[in-house]
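Here's the structure we're looking at; comments come further down.
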Amino acid sequence: MAKKVAVIGAGVSGLSSLKCCVDEGLQPTCFERTKDIGGLWRFQENVEDGRASIYQSVITNTSKEMSCFSDFPMPEDFPNFLPNSKLLEYFRIFAKKFDLLKYIQFQTTVLSVNKCPDFSSSGQWEVVTENKGREQSSVFDAVMVCSGHHILPYIPLEAFPGIERFKGQYFHSRQYKGPEGFEGKHILVVGIGNSAADIAVELSKKAAQVFISTRQGSWVMSRISEGGYPWDMVFHTRFSSWLRDVLPRTVLKWMMSKQMDQWFSHENYALEPQNKYLMKEPILNDDLPSRILCGVIKVKSKVRELTETSAIFEDGTVEEDIDVIIFATGYTFSFPFFEDSLVKVEDNMVSLYKYMFPPHLEKPTLACIGFIQPLGSIFPTVELQARWATRVFKGLCTLPSEKTMMEDIIKRHKKKIDLFGESQSQILQTNYVSYLDELALEIGAKPEFLSLLLKDPQLAVKVYFGPCNSYHYRLVGPGQWEGARRAILTQKQRILKPLKTRALETSSHSSLSFLLKILGLLGVVVAFFSGFLWF
């Protein structure tokens, strides 16, 4: 009899988990507290309790070829960076293709997840749910937590003396939906992540003045990289990942600093990170430098104190007549359906083996999917997590001892501090390609370059020097997909399809074109060793 698996949440992690369960012959039931799929990426006009919330203008920071499910490329006419509505459309196509909706119980809230009395031998869980006022208890052989970590807003009001006497409006960025109603206002955005930058840029087109207050600063990148290709298609390659492993850390950090300043001087724009050698997640925003250059956004230091109508900053400067404060200060983590001891977050350290498995359980039948913040697309990450988790549930993959898992958690935490720092926003940060390969290695889906080179040299070059996307992990091992090779070799076609919307005459200057291609190739080689190595 197939093992029964409870999947909590029907966002991207939940949909991935459902498909992986079905692929492995498991029997999943997904509990989704709202009336639809999509999770974070489904825009709603109103903020709903217990659910992630986004503003209407949200666009993905990772490109479609780096963000699609590994055996289901996005339609070639989809834009390279997707508005939230377009990404939700893709989720709907995916769910329909693999008939996933029949496994989802909508408008069903998970109230509690507890070990069964015989857990030490059965590994089973009692899951209590509520639907339209009616509670129900069911027993499952395993649980996959896919509820995300962008739900509980973090607003450290105690760090803002005077907030109690501030007469204007203040709220967390989770409440922000669009620029309407902010015309002519003086607005202070606290924080320097992607949401802070997006909101500040959007408001700067309506407001009288926007200020961004940041303690530490941040690197800012464009979505557009060399040759007009999406940034992540250029930076996330196995070759650059290998170089990160072999080059001295000081060299890598120095190169990152130099590369980031090629677009504009972060020091001149008051954005330079306080510790510029930490490899923290950069902001992806094509408009922020321009808005600063135009003066409609001003970057300020940390807020020292607030008065009834003004903000006093750490450097002693004062901005008067502040109407609105938006706290883009991130989120805290909460699993309201668990006992406190199940998943611990202490001293900015998450006690999960490889960000997935609680190490102290007698049976490995609980996995957290998507409880991570990779320096790259979350979509391939959660899919590989789900593929590994389902094989662990089936007994096809085994976890090490509790002692070994705890040692790995502590070692990983120390490495994280060295790379990304200790701030609240970096708790779940991890490298990208190396983490994907780690997960793939667990299930036997990591492509081996030398073996591939002997069998298929053309593909091997694309896999090693080209973008490291999800298709790589369908070339070998369990879940192998016969379309993976073609998807890798044709991805450029899908990148260019939505861009080439005007017919152009073909140039007859073939010799000049050939020369330019040779020079371009030389440029790529030089770039590999000078610019692209940092990420």
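Residue numbering restarts at 1 for every chain of the structure tokens, chains are lettered A, B, ... in their displayed order, and ligands are numbered from 1 as they appear.
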Note to self: Give me the residues near stretch 152-159 of chain A as a PyMOL selection string, where near means some atom within 10 Å (using only C-alpha atoms) and where sequence neighbours in that chain fewer than 4 positions away do not count.
What the structure shows: chain A and resi 49-52+163-164+171-175+303-305+327-334+424
With a distance cut-off of 8 Å and only C-alpha atoms, select the neighbouring residues of A:Ser16, excluding the residue or stretch itself and same-chain residues fewer than 5 positions from it, and output the selection as a CSV table (one decimal) with N, CA, C and O atoms, in the first residue's frame.
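What landed in around.csv:
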chain,number,residue,atom,x,y,z
A,382,VAL,N,13.7,23.9,-4.6
A,382,VAL,CA,12.6,23.2,-3.9
A,382,VAL,C,12.3,21.9,-4.6
A,382,VAL,O,11.9,20.9,-3.9
A,383,GLU,N,12.4,21.9,-5.9
A,383,GLU,CA,12.1,20.7,-6.6
A,383,GLU,C,13.1,19.6,-6.2
A,383,GLU,O,12.7,18.4,-6.0
A,386,ALA,N,12.3,18.3,-2.8
A,386,ALA,CA,11.2,17.4,-2.8
A,386,ALA,C,11.5,16.0,-3.3
A,386,ALA,O,11.1,15.0,-2.9
Item checked: Neighbour list for A:Ser13 as an NGL selection string, cut-off 10 Å, only C-alpha atoms, skip fewer than 5 positions in-chain -> :A and (7-8 or 18 or 38-39 or 144-148 or 368-371 or 378-383 or 385-386)
Margin query: I need the strand (DSSP E or B) residues of stretch 231-458 of chain A per DSSP on the backbone, written as a PyMOL selection string.
Written below: chain A and resi 237+283-284+297-300+303-306+311-313+318-319+324-327+331-332+345-346+349-350+353+357+366-368+373-374+429-430
Next item on the list: Pick out the residues sitting within 9 Å of stretch 228-238 of chain A, and hand them over as a count of residues only; count only C-alpha atoms, and ignore anything fewer than 6 positions along from it in its own chain.
Entry: 27
From stretch 71-139 of chain A, collect each residue whose DSSP state is helix (DSSP H, G or I) and return the set as a JSON list (two decimals) with N, CA and C atoms, in the first residue's frame.
[["chain", "number", "residue", "atom", "x", "y", "z"],
["A", 84, "ASN", "N", 4.10, 38.52, -11.73],
["A", 84, "ASN", "CA", 3.52, 37.48, -10.88],
["A", 84, "ASN", "C", 2.34, 36.78, -11.54],
["A", 85, "SER", "N", 1.54, 37.50, -12.31],
["A", 85, "SER", "CA", 0.37, 36.90, -12.95],
["A", 85, "SER", "C", 0.78, 35.87, -14.01],
["A", 86, "LYS", "N", 1.90, 36.14, -14.69],
["A", 86, "LYS", "CA", 2.38, 35.21, -15.72],
["A", 86, "LYS", "C", 2.97, 33.95, -15.08],
["A", 87, "LEU", "N", 3.65, 34.13, -13.95],
["A", 87, "LEU", "CA", 4.20, 32.97, -13.25],
["A", 87, "LEU", "C", 3.06, 32.10, -12.71],
["A", 88, "LEU", "N", 2.02, 32.73, -12.21],
["A", 88, "LEU", "CA", 0.86, 31.98, -11.73],
["A", 88, "LEU", "C", 0.21, 31.21, -12.88],
["A", 89, "GLU", "N", 0.20, 31.80, -14.07],
["A", 89, "GLU", "CA", -0.33, 31.09, -15.24],
["A", 89, "GLU", "C", 0.48, 29.83, -15.52],
["A", 90, "TYR", "N", 1.79, 29.94, -15.38],
["A", 90, "TYR", "CA", 2.67, 28.77, -15.57],
["A", 90, "TYR", "C", 2.36, 27.68, -14.55],
["A", 91, "PHE", "N", 2.16, 28.08, -13.29],
["A", 91, "PHE", "CA", 1.80, 27.11, -12.25],
["A", 91, "PHE", "C", 0.50, 26.39, -12.61],
["A", 92, "ARG", "N", -0.45, 27.14, -13.14],
["A", 92, "ARG", "CA", -1.74, 26.53, -13.51],
["A", 92, "ARG", "C", -1.55, 25.51, -14.65],
["A", 93, "ILE", "N", -0.73, 25.89, -15.63],
["A", 93, "ILE", "CA", -0.45, 24.97, -16.75],
["A", 93, "ILE", "C", 0.22, 23.70, -16.22],
["A", 94, "PHE", "N", 1.17, 23.88, -15.32],
["A", 94, "PHE", "CA", 1.91, 22.76, -14.72],
["A", 94, "PHE", "C", 0.96, 21.84, -13.94],
["A", 95, "ALA", "N", 0.13, 22.44, -13.09],
["A", 95, "ALA", "CA", -0.80, 21.66, -12.27],
["A", 95, "ALA", "C", -1.79, 20.87, -13.13],
["A", 96, "LYS", "N", -2.24, 21.50, -14.22],
["A", 96, "LYS", "CA", -3.17, 20.82, -15.13],
["A", 96, "LYS", "C", -2.47, 19.68, -15.89],
["A", 97, "LYS", "N", -1.26, 19.96, -16.36],
["A", 97, "LYS", "CA", -0.51, 18.96, -17.12],
["A", 97, "LYS", "C", -0.32, 17.67, -16.32],
["A", 101, "LEU", "N", -4.34, 19.08, -9.16],
["A", 101, "LEU", "CA", -5.39, 19.73, -8.39],
["A", 101, "LEU", "C", -6.25, 18.74, -7.61],
["A", 102, "LYS", "N", -6.35, 17.52, -8.10],
["A", 102, "LYS", "CA", -7.20, 16.53, -7.43],
["A", 102, "LYS", "C", -6.65, 16.11, -6.07],
["A", 103, "TYR", "N", -5.40, 16.44, -5.81],
["A", 103, "TYR", "CA", -4.80, 16.08, -4.53],
["A", 103, "TYR", "C", -4.91, 17.20, -3.48],
["A", 119, "PHE", "N", 5.24, 6.67, 17.26],
["A", 119, "PHE", "CA", 6.09, 7.31, 16.25],
["A", 119, "PHE", "C", 7.47, 6.64, 16.14],
["A", 120, "SER", "N", 8.04, 6.24, 17.26],
["A", 120, "SER", "CA", 9.40, 5.68, 17.24],
["A", 120, "SER", "C", 9.49, 4.43, 16.37],
["A", 121, "SER", "N", 8.35, 3.75, 16.17],
["A", 121, "SER", "CA", 8.37, 2.56, 15.30],
["A", 121, "SER", "C", 7.68, 2.81, 13.96],
["A", 122, "SER", "N", 6.62, 3.64, 13.97],
["A", 122, "SER", "CA", 5.84, 3.85, 12.72],
["A", 122, "SER", "C", 6.28, 5.08, 11.95]]
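The protein and nucleic acid residues lying at most 9 Å from A:Ile488 are Leu459, Lys462, Val463, Gly466, Pro467, Asn469, Tyr471, His472, Gly483, Ala484, Arg485, Arg486, Thr490, Gln491 and Lys492 of chain A, with only C-alpha atoms considered and sequence neighbours fewer than 2 positions away removed.
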Check: Quick one: of A:Val58, A:Gln105, A:Asp261, A:Arg165, who's nearest to A:Gly178, counting only C-alpha atoms?
Finding: A:Val58
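One distance worth recording is that between atom CA of A:Glu32 and atom CA of A:Gln124, which is 20.7 Å.
When only C-alpha atoms are used to compute distances to A:Thr365, the closest of the residues A:Asn114, A:Asn46, A:Gln209, A:Ser241 turns out to be A:Asn114.
In this comparison, which uses only C-alpha atoms, the residue of A:Phe313, A:Tyr435, A:Tyr176, A:Trp263 approaching A:Lys354 most closely is A:Tyr435.
Distances to A:Glu24 were evaluated for A:Pro498, A:Gly184, A:Pro478, A:Gly9 using only C-alpha atoms, and the minimum falls at A:Pro478.
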If you take only C-alpha atoms and a cut-off of 9 Å, which residues of stretch 174-254 of chain A touch stretch 292-296 of chain A, and what are their nearest atom pairs and distances in Å to one decimal, in chain and number order, as JSON lines?
{"residue": "A:Val201", "atom": "CA", "partner": "A:Val296", "partner_atom": "CA", "distance": 8.7}
{"residue": "A:Ser204", "atom": "CA", "partner": "A:Val296", "partner_atom": "CA", "distance": 5.8}
{"residue": "A:Lys205", "atom": "CA", "partner": "A:Val296", "partner_atom": "CA", "distance": 8.0}
{"residue": "A:Ala207", "atom": "CA", "partner": "A:Val296", "partner_atom": "CA", "distance": 8.5}
{"residue": "A:Ala208", "atom": "CA", "partner": "A:Val296", "partner_atom": "CA", "distance": 7.6}
{"residue": "A:Gln209", "atom": "CA", "partner": "A:Val296", "partner_atom": "CA", "distance": 5.5}
{"residue": "A:Val210", "atom": "CA", "partner": "A:Val296", "partner_atom": "CA", "distance": 6.2}
{"residue": "A:Phe211", "atom": "CA", "partner": "A:Val296", "partner_atom": "CA", "distance": 8.4}
